[in-house]
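Engineer: Quick one: the structure is below, and I'll ask about it shortly.
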Amino acid sequence: MGDRRRRTEDGGPLHVILTHENADFDAAASQLGAWKLDPVAIPILPQRLNRNVQAYLDRHRAELPFSQRGEMTRRRVERATMVDSQSVVQVRGMKPTTETRLIDHHPLARDLNPHTTFEGDEVGACTTLFVEKLQAAQLDVTSVEATLMLLGIYEDTGALTYGSTTARDAQAVAWLLDHGANLDEARSYLYHPLSDAQQDLLNQLTRQAETHTYGPYQVVVATAMAPGQVNEISTLAHRLRDLFEPDALFVLAGIEDRVHLIARSTNDTLDVGEVARRFGGGGHGRAAAALIRDADLRAVHDQLLATLAALVPPAPTVASIMSRGAVRTLPSTATVAEAAELMQLFGHEGVPVLENGQVVGVVTRRDIDRAARHGLGSTTVSVYMRKGAIQVAPGDSIADLQRLMLEYDVGQVPVVEDGRLVGIVTRTDLLRRQAGQLARPSPDAELAQRFEARLTPAALTLIHQASQMAQDLGFELYVVGGFVRDLLLNAPRVATDIDLVVEGEAHALVGALVRAHGGKAVYHRAFGTAHWTPPDPTQPGLDFVTARTEFYTEPSALPTVEQSSIKLDLHRRDFTINTMALALNPDRYGYLLDFYGGQADLSRRLIRVLHSLSLVEDPTRILRAVRLEQRLDFQIEPRTAELVADALPLIERTTGGRIRHELYRILEEPRDVPSRALRRLDELGVLARIHPDLRWTSAVAARLAAARQDTACLAGAALATSIVPAEVQAAPSYVPAALALALVVYDLDASTVEALALTLKLSNTDTRLLREVITLRALIPRLTTPTLKPSALVALLEPFSGTALCLARVAETNPLLRERLDLYRERLAHVHPVTTGYDLRALGLKPGPAYRAILDHLRTARLDGQAQTDADERTLAARLAAEAK
């Protein structure tokens, strides 16, 4: 105690470690962990501790570093660390401007002021975060400290049995046991007996507990009036949760003129922290509390039920997870062989069967495969399909859908509305919903605002007109792909680069827009695309594409495309982070569709393909993966990296034009992305598959960096092959792809460059530039001869374009060469004789080959200083003309 008091009385500002009132073991253990990482700090206990925590600290007081609030002197608190809580507790010496760090094991659920930071991760106990830090720092703990931390984890995870427990909690427990945690002692404190007052209150709460249903969730509300003061009501909440096992539990305990509200949740959708805040309390999504003063218990009970009714989202319906639009079906007269071919082509596990336009059953792949094995390929599917009312409506509940799937043992159920097949819902949709990977339950206002901020007012007006028209036609309009990805990342992006997908028919939508608002339409029905040019020529046009699916007849071939639903349209895309869609129809504006875990991979900063054959079907996705990885500073996830290695040989079977397209997109990325991407492609073995001599080297990196610094030389050199928007080309560090490629191959010999140009199917313009650069590089020894005359320098450099000369200047570091290149470009290239053919005729010389010889002689004389003035040149011209006569 003396050491602790001296520590709080020493001069200078303090760093204190705090936690919430009514501290449990997780709170105290987290304070201990923070102190172990910073022993100069002072862990200050709250005024109220749970009885079992107080008992443990009393027993081991001399072996633990905790201080009491009463031991604090009037010293300035410079820093505060708040653990196991997101609400800051004030102690003597703290000010609103005190630098505060919050450390918690739940997502941040409050706004922070400029002086407060947050650190945390979702694990079962806050103590786990500190144990991991102690492991990383290789710090040791005593048996008493290890036992306290074990109690912290065990109490908050129900001894590793609660649904919120993670593998990290178990690993932390194992480490603590290895470092002397005493299980026998921990057991005696974990299962502390209830006091008589607690037992009486628990009995009342149990008898008066009510179960309420909100959508799919079971919520228990337990209410009781205590005859006197009762401590540690949160302990009773734990016991009630274990008894009733609800999705959420609310304990309302009336004590004198106050009502204590304790809330626990096992489901992230049921945010009990928000409920507690409505009553003046706080907490996080799974644990919260409030103290309501001068309140009537029954009135608080009724107010709580009303709050839950308003806050708990309604039960999800089939409409929230189904795929709308075109559904692939089979007529009842189709054969087993035809069904097998369709399922193999599109990968379906089940297909609705129609008769006279009505759903009469579902045929599954299992049934078709079994029939085919028995040689029944010519039999109609009506014999083997699952018959009955195997269909749901968009408004049916998820529970109804699950029951139907179990009853008929099908994984695909058609969705019918007003007798019309409008979509399909699958077992995978159910699983993704359970994993939280489908559309958000409500519009995302912030995301919608970001979307609107990316567009000009004129473009936004056109989007709204198109989305309203889509809704009037019964279509759905979405913005999809990379645009949505960058919205979620809040990353800068060119506003004109927007992909609009119509779940319906793009040409019908554009036709209706032209009829309603004017303008022109351009259709490409074979590709399912349509372009609307508004009547005002100052407004941008919009491109629409019909939602479609695709399949590949062989590896690396171009896909075959068919109209489909938005879900299947997103499934055909390259990576999960590009598979999200933002709904634009007025009735669903701002809804985010995420069927394939795109948001999760964005948060993990991972590049992941959708399925194991993705790179086999399109090997150019390997280059795209690397480009996105380096641009976004993400990581190709391990399984995708394995698939990259497996698909490398297929690059050689991919057409050169497609490889060139992806390579040019890499080379036209901003900053140092091209260099980093080339290095990564080299590490993966991709460059060698394009050409064995194509490599990334430090010299390549240096040349590309020099090009970004010397864009003045390259200004205006963008070639017709540039594939990026004009806004990007105007960026200060922009280097056109063909120029960057010339710098990449600068060290290769001429025959290799010719072969590479042929492999990549470069345009004539780009190939000519590469030849120029390689030829110019071969002249460097002559260009750096010390005695080289200006006229000789001009003769060597004049055949080359200004772009080639700029590239040579960027690629080479020889000062003499760069000086001579600058001399030629800035002065010598512009030196010409003032004498003309008319002057030579005036001197009596007849037109002929002598004119060119004399004019060349005069230019050489001006370049080499033999004729320094116009008068010198005229004298020389007269002499040369006389000699020629």
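Residues in the structure tokens are named by chain (A, B, ... in the order shown) and by number from 1 within that chain; ligands are numbered from 1 in the order shown.
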Near Val353 of chain A, counting only C-alpha atoms, which residues have an atom at most 10 Å away, once you skip same-chain residues fewer than 5 positions from it, shown as a list in words?
Structural biologist: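 Using only C-alpha atoms, the neighbours found are Arg328, Thr329, Leu330, Pro331, Ser332, Thr333, Ala334, Gln358, Val359, Val360, Gly361, Val362, Val363, Val381, Ser382, Met385, Arg386, Lys387 and Pro414 of chain A.
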Engineer: Just list as an mmCIF file with N, CA and C atoms, in the first residue's frame whatever in segment 379-598 of chain A DSSP marks as alpha helix (DSSP H).
Structural biologist:
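Saved to states_32.cif:
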data_model
loop_
_atom_site.group_PDB
_atom_site.id
_atom_site.type_symbol
_atom_site.label_atom_id
_atom_site.label_comp_id
_atom_site.auth_asym_id
_atom_site.auth_seq_id
_atom_site.Cartn_x
_atom_site.Cartn_y
_atom_site.Cartn_z
ATOM 1 N N ILE A 398 -38.684 -16.306 -43.569
ATOM 2 C CA ILE A 398 -37.528 -17.192 -43.720
ATOM 3 C C ILE A 398 -37.821 -18.551 -43.089
ATOM 4 N N ALA A 399 -38.600 -18.534 -41.999
ATOM 5 C CA ALA A 399 -38.949 -19.799 -41.339
ATOM 6 C C ALA A 399 -39.773 -20.681 -42.274
ATOM 7 N N ASP A 400 -40.706 -20.062 -43.028
ATOM 8 C CA ASP A 400 -41.502 -20.835 -43.986
ATOM 9 C C ASP A 400 -40.599 -21.446 -45.058
ATOM 10 N N LEU A 401 -39.627 -20.669 -45.508
ATOM 11 C CA LEU A 401 -38.702 -21.160 -46.529
ATOM 12 C C LEU A 401 -37.888 -22.341 -46.008
ATOM 13 N N GLN A 402 -37.382 -22.213 -44.795
ATOM 14 C CA GLN A 402 -36.597 -23.311 -44.216
ATOM 15 C C GLN A 402 -37.434 -24.578 -44.076
ATOM 16 N N ARG A 403 -38.670 -24.411 -43.643
ATOM 17 C CA ARG A 403 -39.550 -25.570 -43.500
ATOM 18 C C ARG A 403 -39.758 -26.260 -44.840
ATOM 19 N N LEU A 404 -39.963 -25.475 -45.886
ATOM 20 C CA LEU A 404 -40.199 -26.035 -47.216
ATOM 21 C C LEU A 404 -38.965 -26.789 -47.719
ATOM 22 N N MET A 405 -37.792 -26.223 -47.499
ATOM 23 C CA MET A 405 -36.563 -26.885 -47.943
ATOM 24 C C MET A 405 -36.365 -28.213 -47.234
ATOM 25 N N LEU A 406 -36.668 -28.227 -45.935
ATOM 26 C CA LEU A 406 -36.513 -29.474 -45.183
ATOM 27 C C LEU A 406 -37.563 -30.505 -45.595
ATOM 28 N N GLU A 407 -38.796 -30.057 -45.807
ATOM 29 C CA GLU A 407 -39.882 -30.977 -46.130
ATOM 30 C C GLU A 407 -39.651 -31.681 -47.458
ATOM 31 N N TYR A 408 -39.182 -30.931 -48.477
ATOM 32 C CA TYR A 408 -39.012 -31.504 -49.808
ATOM 33 C C TYR A 408 -37.551 -31.824 -50.135
ATOM 34 N N ARG A 427 -30.443 -22.461 -50.832
ATOM 35 C CA ARG A 427 -29.899 -22.750 -49.507
ATOM 36 C C ARG A 427 -28.675 -21.874 -49.225
ATOM 37 N N THR A 428 -27.898 -21.578 -50.250
ATOM 38 C CA THR A 428 -26.739 -20.697 -50.074
ATOM 39 C C THR A 428 -27.172 -19.309 -49.636
ATOM 40 N N ASP A 429 -28.303 -18.813 -50.170
ATOM 41 C CA ASP A 429 -28.815 -17.511 -49.733
ATOM 42 C C ASP A 429 -29.095 -17.516 -48.239
ATOM 43 N N LEU A 430 -29.670 -18.623 -47.751
ATOM 44 C CA LEU A 430 -29.944 -18.733 -46.316
ATOM 45 C C LEU A 430 -28.663 -18.699 -45.498
ATOM 46 N N LEU A 431 -27.669 -19.454 -45.947
ATOM 47 C CA LEU A 431 -26.402 -19.508 -45.209
ATOM 48 C C LEU A 431 -25.717 -18.150 -45.199
ATOM 49 N N ARG A 432 -25.768 -17.465 -46.335
ATOM 50 C CA ARG A 432 -25.130 -16.142 -46.398
ATOM 51 C C ARG A 432 -25.865 -15.143 -45.509
ATOM 52 N N ARG A 433 -27.179 -15.278 -45.432
ATOM 53 C CA ARG A 433 -27.916 -14.390 -44.541
ATOM 54 C C ARG A 433 -27.493 -14.620 -43.087
ATOM 55 N N GLN A 434 -27.349 -15.894 -42.712
ATOM 56 C CA GLN A 434 -26.934 -16.204 -41.347
ATOM 57 C C GLN A 434 -25.537 -15.676 -41.055
ATOM 58 N N ALA A 445 -27.827 5.430 -45.517
ATOM 59 C CA ALA A 445 -27.921 6.837 -45.903
ATOM 60 C C ALA A 445 -26.549 7.422 -46.214
ATOM 61 N N GLU A 446 -25.545 7.045 -45.412
ATOM 62 C CA GLU A 446 -24.199 7.585 -45.642
ATOM 63 C C GLU A 446 -23.656 7.133 -46.994
ATOM 64 N N LEU A 447 -23.882 5.862 -47.333
ATOM 65 C CA LEU A 447 -23.397 5.356 -48.610
ATOM 66 C C LEU A 447 -24.112 6.053 -49.766
ATOM 67 N N ALA A 448 -25.407 6.278 -49.622
ATOM 68 C CA ALA A 448 -26.156 6.983 -50.659
ATOM 69 C C ALA A 448 -25.649 8.414 -50.827
ATOM 70 N N GLN A 449 -25.302 9.057 -49.718
ATOM 71 C CA GLN A 449 -24.770 10.415 -49.798
ATOM 72 C C GLN A 449 -23.414 10.433 -50.501
ATOM 73 N N ARG A 450 -22.579 9.455 -50.217
ATOM 74 C CA ARG A 450 -21.284 9.375 -50.905
ATOM 75 C C ARG A 450 -21.496 9.179 -52.402
ATOM 76 N N PHE A 451 -22.471 8.322 -52.749
ATOM 77 C CA PHE A 451 -22.761 8.074 -54.151
ATOM 78 C C PHE A 451 -23.149 9.373 -54.849
ATOM 79 N N GLU A 452 -24.036 10.126 -54.239
ATOM 80 C CA GLU A 452 -24.496 11.364 -54.861
ATOM 81 C C GLU A 452 -23.376 12.390 -54.950
ATOM 82 N N ALA A 453 -22.460 12.379 -53.963
ATOM 83 C CA ALA A 453 -21.352 13.344 -53.980
ATOM 84 C C ALA A 453 -20.371 13.061 -55.105
ATOM 85 N N PRO A 457 -24.340 17.292 -60.566
ATOM 86 C CA PRO A 457 -25.794 17.433 -60.446
ATOM 87 C C PRO A 457 -26.536 16.951 -61.693
ATOM 88 N N ALA A 458 -25.958 17.212 -62.885
ATOM 89 C CA ALA A 458 -26.612 16.778 -64.125
ATOM 90 C C ALA A 458 -26.663 15.258 -64.216
ATOM 91 N N ALA A 459 -25.540 14.599 -63.885
ATOM 92 C CA ALA A 459 -25.503 13.136 -63.937
ATOM 93 C C ALA A 459 -26.456 12.533 -62.909
ATOM 94 N N LEU A 460 -26.522 13.141 -61.717
ATOM 95 C CA LEU A 460 -27.409 12.619 -60.674
ATOM 96 C C LEU A 460 -28.871 12.725 -61.103
ATOM 97 N N THR A 461 -29.213 13.817 -61.772
ATOM 98 C CA THR A 461 -30.587 13.967 -62.270
ATOM 99 C C THR A 461 -30.932 12.851 -63.247
ATOM 100 N N LEU A 462 -30.010 12.539 -64.152
ATOM 101 C CA LEU A 462 -30.250 11.468 -65.114
ATOM 102 C C LEU A 462 -30.391 10.120 -64.417
ATOM 103 N N ILE A 463 -29.574 9.887 -63.403
ATOM 104 C CA ILE A 463 -29.659 8.626 -62.647
ATOM 105 C C ILE A 463 -31.039 8.499 -62.000
ATOM 106 N N HIS A 464 -31.508 9.569 -61.384
ATOM 107 C CA HIS A 464 -32.820 9.521 -60.733
ATOM 108 C C HIS A 464 -33.933 9.296 -61.761
ATOM 109 N N GLN A 465 -33.820 9.924 -62.926
ATOM 110 C CA GLN A 465 -34.821 9.691 -63.969
ATOM 111 C C GLN A 465 -34.813 8.225 -64.401
ATOM 112 N N ALA A 466 -33.604 7.669 -64.558
ATOM 113 C CA ALA A 466 -33.487 6.275 -64.986
ATOM 114 C C ALA A 466 -34.003 5.325 -63.919
ATOM 115 N N SER A 467 -33.709 5.591 -62.645
ATOM 116 C CA SER A 467 -34.145 4.689 -61.581
ATOM 117 C C SER A 467 -35.664 4.732 -61.414
ATOM 118 N N GLN A 468 -36.268 5.915 -61.568
ATOM 119 C CA GLN A 468 -37.721 6.003 -61.484
ATOM 120 C C GLN A 468 -38.369 5.250 -62.648
ATOM 121 N N MET A 469 -37.776 5.395 -63.834
ATOM 122 C CA MET A 469 -38.321 4.697 -64.991
ATOM 123 C C MET A 469 -38.185 3.180 -64.817
ATOM 124 N N ALA A 470 -37.044 2.732 -64.274
ATOM 125 C CA ALA A 470 -36.851 1.298 -64.037
ATOM 126 C C ALA A 470 -37.929 0.773 -63.095
ATOM 127 N N GLN A 471 -38.224 1.522 -62.048
ATOM 128 C CA GLN A 471 -39.249 1.083 -61.104
ATOM 129 C C GLN A 471 -40.613 1.040 -61.787
ATOM 130 N N ASP A 472 -40.922 2.039 -62.616
ATOM 131 C CA ASP A 472 -42.212 2.058 -63.312
ATOM 132 C C ASP A 472 -42.355 0.849 -64.240
ATOM 133 N N GLY A 482 -16.643 -1.946 -59.047
ATOM 134 C CA GLY A 482 -15.588 -1.150 -58.431
ATOM 135 C C GLY A 482 -16.061 0.190 -57.908
ATOM 136 N N PHE A 483 -17.084 0.758 -58.538
ATOM 137 C CA PHE A 483 -17.611 2.035 -58.062
ATOM 138 C C PHE A 483 -18.141 1.882 -56.636
ATOM 139 N N VAL A 484 -18.886 0.807 -56.385
ATOM 140 C CA VAL A 484 -19.427 0.570 -55.040
ATOM 141 C C VAL A 484 -18.291 0.254 -54.072
ATOM 142 N N ARG A 485 -17.330 -0.535 -54.524
ATOM 143 C CA ARG A 485 -16.171 -0.845 -53.677
ATOM 144 C C ARG A 485 -15.486 0.429 -53.202
ATOM 145 N N ASP A 486 -15.250 1.353 -54.113
ATOM 146 C CA ASP A 486 -14.560 2.580 -53.739
ATOM 147 C C ASP A 486 -15.429 3.484 -52.884
ATOM 148 N N LEU A 487 -16.754 3.405 -53.052
ATOM 149 C CA LEU A 487 -17.633 4.143 -52.147
ATOM 150 C C LEU A 487 -17.471 3.642 -50.716
ATOM 151 N N LEU A 488 -17.454 2.328 -50.546
ATOM 152 C CA LEU A 488 -17.313 1.758 -49.209
ATOM 153 C C LEU A 488 -15.949 2.069 -48.610
ATOM 154 N N LEU A 489 -14.923 2.117 -49.449
ATOM 155 C CA LEU A 489 -13.591 2.473 -48.973
ATOM 156 C C LEU A 489 -13.427 3.975 -48.817
ATOM 157 N N ALA A 506 -32.102 -3.766 -70.520
ATOM 158 C CA ALA A 506 -31.488 -2.454 -70.652
ATOM 159 C C ALA A 506 -32.063 -1.690 -71.837
ATOM 160 N N HIS A 507 -32.281 -2.385 -72.976
ATOM 161 C CA HIS A 507 -32.767 -1.666 -74.157
ATOM 162 C C HIS A 507 -34.193 -1.155 -73.937
ATOM 163 N N ALA A 508 -35.009 -1.898 -73.188
ATOM 164 C CA ALA A 508 -36.363 -1.430 -72.906
ATOM 165 C C ALA A 508 -36.335 -0.204 -72.005
ATOM 166 N N LEU A 509 -35.432 -0.191 -71.040
ATOM 167 C CA LEU A 509 -35.304 0.962 -70.145
ATOM 168 C C LEU A 509 -34.878 2.203 -70.920
ATOM 169 N N VAL A 510 -33.850 2.076 -71.756
ATOM 170 C CA VAL A 510 -33.364 3.235 -72.512
ATOM 171 C C VAL A 510 -34.429 3.713 -73.497
ATOM 172 N N GLY A 511 -35.134 2.785 -74.128
ATOM 173 C CA GLY A 511 -36.212 3.184 -75.031
ATOM 174 C C GLY A 511 -37.270 4.001 -74.314
ATOM 175 N N ALA A 512 -37.633 3.584 -73.116
ATOM 176 C CA ALA A 512 -38.630 4.325 -72.337
ATOM 177 C C ALA A 512 -38.105 5.697 -71.926
ATOM 178 N N LEU A 513 -36.818 5.791 -71.605
ATOM 179 C CA LEU A 513 -36.223 7.079 -71.237
ATOM 180 C C LEU A 513 -36.254 8.051 -72.417
ATOM 181 N N VAL A 514 -35.963 7.545 -73.599
ATOM 182 C CA VAL A 514 -35.993 8.405 -74.786
ATOM 183 C C VAL A 514 -37.414 8.905 -75.045
ATOM 184 N N ARG A 515 -38.389 8.022 -74.906
ATOM 185 C CA ARG A 515 -39.771 8.434 -75.136
ATOM 186 C C ARG A 515 -40.230 9.451 -74.094
ATOM 187 N N ALA A 516 -39.774 9.300 -72.866
ATOM 188 C CA ALA A 516 -40.240 10.186 -71.790
ATOM 189 C C ALA A 516 -39.452 11.489 -71.714
ATOM 190 N N HIS A 517 -38.150 11.437 -71.973
ATOM 191 C CA HIS A 517 -37.303 12.613 -71.753
ATOM 192 C C HIS A 517 -36.580 13.091 -73.003
ATOM 193 N N ILE A 566 -29.604 -10.104 -60.844
ATOM 194 C CA ILE A 566 -28.498 -9.313 -60.308
ATOM 195 C C ILE A 566 -27.545 -10.197 -59.492
ATOM 196 N N LYS A 567 -28.086 -11.190 -58.792
ATOM 197 C CA LYS A 567 -27.226 -12.057 -57.991
ATOM 198 C C LYS A 567 -26.253 -12.827 -58.875
ATOM 199 N N LEU A 568 -26.754 -13.402 -59.965
ATOM 200 C CA LEU A 568 -25.876 -14.143 -60.866
ATOM 201 C C LEU A 568 -24.963 -13.205 -61.634
ATOM 202 N N ASP A 569 -25.433 -11.993 -61.915
ATOM 203 C CA ASP A 569 -24.580 -11.011 -62.576
ATOM 204 C C ASP A 569 -23.370 -10.693 -61.693
ATOM 205 N N LEU A 570 -23.613 -10.526 -60.415
ATOM 206 C CA LEU A 570 -22.506 -10.228 -59.496
ATOM 207 C C LEU A 570 -21.590 -11.442 -59.337
ATOM 208 N N HIS A 571 -22.164 -12.638 -59.441
ATOM 209 C CA HIS A 571 -21.359 -13.846 -59.273
ATOM 210 C C HIS A 571 -20.354 -14.038 -60.403
ATOM 211 N N GLY A 598 -18.287 -9.425 -49.819
ATOM 212 C CA GLY A 598 -17.413 -8.336 -50.247
ATOM 213 C C GLY A 598 -17.026 -7.411 -49.114
#
Engineer: Ranking A:Ala677, A:Asp856, A:Gly474, A:Thr654 by minimum distance to Leu760 of chain A and counting only C-alpha atoms, which one comes first?
Structural biologist: A:Thr654
Engineer: Produce a table with one row for each residue of segment 803-869 of chain A that has an atom at most 9 Å from any atom of segment 780-791 of chain A, each row naming the nearest atom pair and its distance in Å at one decimal; use only C-alpha atoms; arrange rows by chain and rising residue number; format as a tab-separated table.
Structural biologist:
residue	atom	partner	partner_atom	distance
A:Asn814	CA	A:Thr784	CA	8.7
A:Leu816	CA	A:Thr784	CA	6.4
A:Leu817	CA	A:Thr784	CA	5.7
A:Arg820	CA	A:Leu783	CA	7.8
A:Leu821	CA	A:Leu783	CA	8.9
A:Tyr824	CA	A:Pro790	CA	8.4
A:Leu828	CA	A:Pro790	CA	7.5
A:Arg859	CA	A:Ser791	CA	8.0
A:Thr860	CA	A:Ser791	CA	5.4
A:Ala861	CA	A:Ser791	CA	8.2
A:Arg862	CA	A:Ser791	CA	8.7
A:Leu863	CA	A:Ser791	CA	5.5
A:Asp864	CA	A:Pro790	CA	5.8
Engineer: Next, the residues of the selection above should be written as a PDB file, in the first residue's frame with N, CA and C atoms.
Structural biologist:
ATOM      1  N   ASN A 814      23.496   8.992 -67.447  1.00  0.00           N
ATOM      2  CA  ASN A 814      24.771   9.584 -67.865  1.00  0.00           C
ATOM      3  C   ASN A 814      24.582  11.085 -68.050  1.00  0.00           C
ATOM      4  N   LEU A 816      26.463  13.403 -69.413  1.00  0.00           N
ATOM      5  CA  LEU A 816      26.826  13.921 -70.740  1.00  0.00           C
ATOM      6  C   LEU A 816      25.736  13.602 -71.750  1.00  0.00           C
ATOM      7  N   LEU A 817      25.174  12.361 -71.685  1.00  0.00           N
ATOM      8  CA  LEU A 817      24.116  11.985 -72.618  1.00  0.00           C
ATOM      9  C   LEU A 817      22.887  12.858 -72.405  1.00  0.00           C
ATOM     10  N   ARG A 820      23.396  16.280 -73.776  1.00  0.00           N
ATOM     11  CA  ARG A 820      23.338  16.355 -75.237  1.00  0.00           C
ATOM     12  C   ARG A 820      21.920  16.154 -75.757  1.00  0.00           C
ATOM     13  N   LEU A 821      21.164  15.324 -75.099  1.00  0.00           N
ATOM     14  CA  LEU A 821      19.768  15.178 -75.495  1.00  0.00           C
ATOM     15  C   LEU A 821      18.999  16.484 -75.273  1.00  0.00           C
ATOM     16  N   TYR A 824      20.054  18.999 -77.926  1.00  0.00           N
ATOM     17  CA  TYR A 824      19.399  18.757 -79.214  1.00  0.00           C
ATOM     18  C   TYR A 824      17.935  19.198 -79.165  1.00  0.00           C
ATOM     19  N   LEU A 828      19.518  22.612 -80.790  1.00  0.00           N
ATOM     20  CA  LEU A 828      20.058  22.191 -82.078  1.00  0.00           C
ATOM     21  C   LEU A 828      18.970  21.755 -83.056  1.00  0.00           C
ATOM     22  N   ARG A 859      23.559  24.275 -92.923  1.00  0.00           N
ATOM     23  CA  ARG A 859      23.085  23.923 -91.590  1.00  0.00           C
ATOM     24  C   ARG A 859      24.221  23.379 -90.736  1.00  0.00           C
ATOM     25  N   THR A 860      25.074  22.524 -91.346  1.00  0.00           N
ATOM     26  CA  THR A 860      26.234  22.004 -90.616  1.00  0.00           C
ATOM     27  C   THR A 860      27.132  23.132 -90.158  1.00  0.00           C
ATOM     28  N   ALA A 861      27.336  24.096 -91.059  1.00  0.00           N
ATOM     29  CA  ALA A 861      28.190  25.237 -90.710  1.00  0.00           C
ATOM     30  C   ALA A 861      27.598  26.033 -89.550  1.00  0.00           C
ATOM     31  N   ARG A 862      26.261  26.222 -89.550  1.00  0.00           N
ATOM     32  CA  ARG A 862      25.647  26.962 -88.456  1.00  0.00           C
ATOM     33  C   ARG A 862      25.727  26.162 -87.161  1.00  0.00           C
ATOM     34  N   LEU A 863      25.524  24.842 -87.245  1.00  0.00           N
ATOM     35  CA  LEU A 863      25.580  24.000 -86.049  1.00  0.00           C
ATOM     36  C   LEU A 863      26.975  23.971 -85.445  1.00  0.00           C
ATOM     37  N   ASP A 864      27.985  23.853 -86.280  1.00  0.00           N
ATOM     38  CA  ASP A 864      29.365  23.697 -85.793  1.00  0.00           C
ATOM     39  C   ASP A 864      30.080  25.020 -85.601  1.00  0.00           C
TER      40      ASP A 864
END
Engineer: Could you pull out all residues of segment 78-322 of chain A with a DSSP call of strand (DSSP E) and give them as number ranges by chain?
Structural biologist: A: 78-83, 99-104, 116-120, 209-214, 217-226, 248-255, 258-265, 282-283, 287-293
Engineer: May I have the residues within 9 Å of segment 223-236 of chain A as a VMD selection string, using only C-alpha atoms and disregarding those fewer than 5 positions away in the same chain?
Structural biologist: chain A and resid 22 49 to 51 194 to 195 197 to 202 204 to 206 208 to 210 241 250 to 256 259 to 260 262 to 263 289 297 to 298 301
Engineer: With only C-alpha atoms as the counted atoms, please give the residues lying no more than 6 Å from His531 of chain A, apart from itself and same-chain residues fewer than 3 positions off, as an NGL selection string.
Structural biologist: :A and (521-522 or 542-543)
Engineer: Grab the residues selected above and save them as a PDB file, in the first residue's frame with N, CA and C atoms.
Structural biologist:
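Final file, selection.pdb:
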ATOM      1  N   ALA A 521     -30.947   6.860 -78.426  1.00  0.00           N
ATOM      2  CA  ALA A 521     -30.602   5.552 -77.864  1.00  0.00           C
ATOM      3  C   ALA A 521     -29.719   4.791 -78.841  1.00  0.00           C
ATOM      4  N   VAL A 522     -28.742   4.101 -78.302  1.00  0.00           N
ATOM      5  CA  VAL A 522     -27.902   3.205 -79.090  1.00  0.00           C
ATOM      6  C   VAL A 522     -27.945   1.844 -78.418  1.00  0.00           C
ATOM      7  N   LEU A 542     -25.494   7.950 -70.390  1.00  0.00           N
ATOM      8  CA  LEU A 542     -25.441   6.847 -69.441  1.00  0.00           C
ATOM      9  C   LEU A 542     -25.419   5.526 -70.195  1.00  0.00           C
ATOM     10  N   ASP A 543     -24.588   4.603 -69.719  1.00  0.00           N
ATOM     11  CA  ASP A 543     -24.521   3.257 -70.282  1.00  0.00           C
ATOM     12  C   ASP A 543     -25.201   2.283 -69.325  1.00  0.00           C
TER      13      ASP A 543
END
Engineer: Do a neighbour search on segment 800-812 of chain A at 10 Å with only C-alpha atoms, toss out local chain neighbours closer than 2 positions, and write the hits as a ChimeraX atom specification.
Structural biologist: /A:699-700,702-719,739-740,742-744,746-747,768-777,780,796-798,814-815,817-822,824-825
Engineer: Report as a list of chain:residue names all protein, DNA and RNA residues lying within 10 Å of Ala884 of chain A, evaluated on only C-alpha atoms, omitting residues in the same chain fewer than 6 positions from it.
Structural biologist: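 Listing them by chain and then by number gives A:Leu845, A:Lys846, A:Ala850, A:Tyr851, A:Ala853, A:Ile854, A:Ala878.
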Engineer: So that I can check the surroundings of segment 607-618 of chain A, please list as a list of chain:residue names every protein, DNA and RNA residue that reaches within 6 Å of it, counting only C-alpha atoms and ignoring chain neighbours fewer than 2 positions away.
Structural biologist: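 The filter keeps A:Pro555, A:Ser556, A:Phe575, A:Thr576, A:Thr620, A:Arg621, A:Gln635, A:Ile636, A:Glu637, A:Thr640, A:Ala647.
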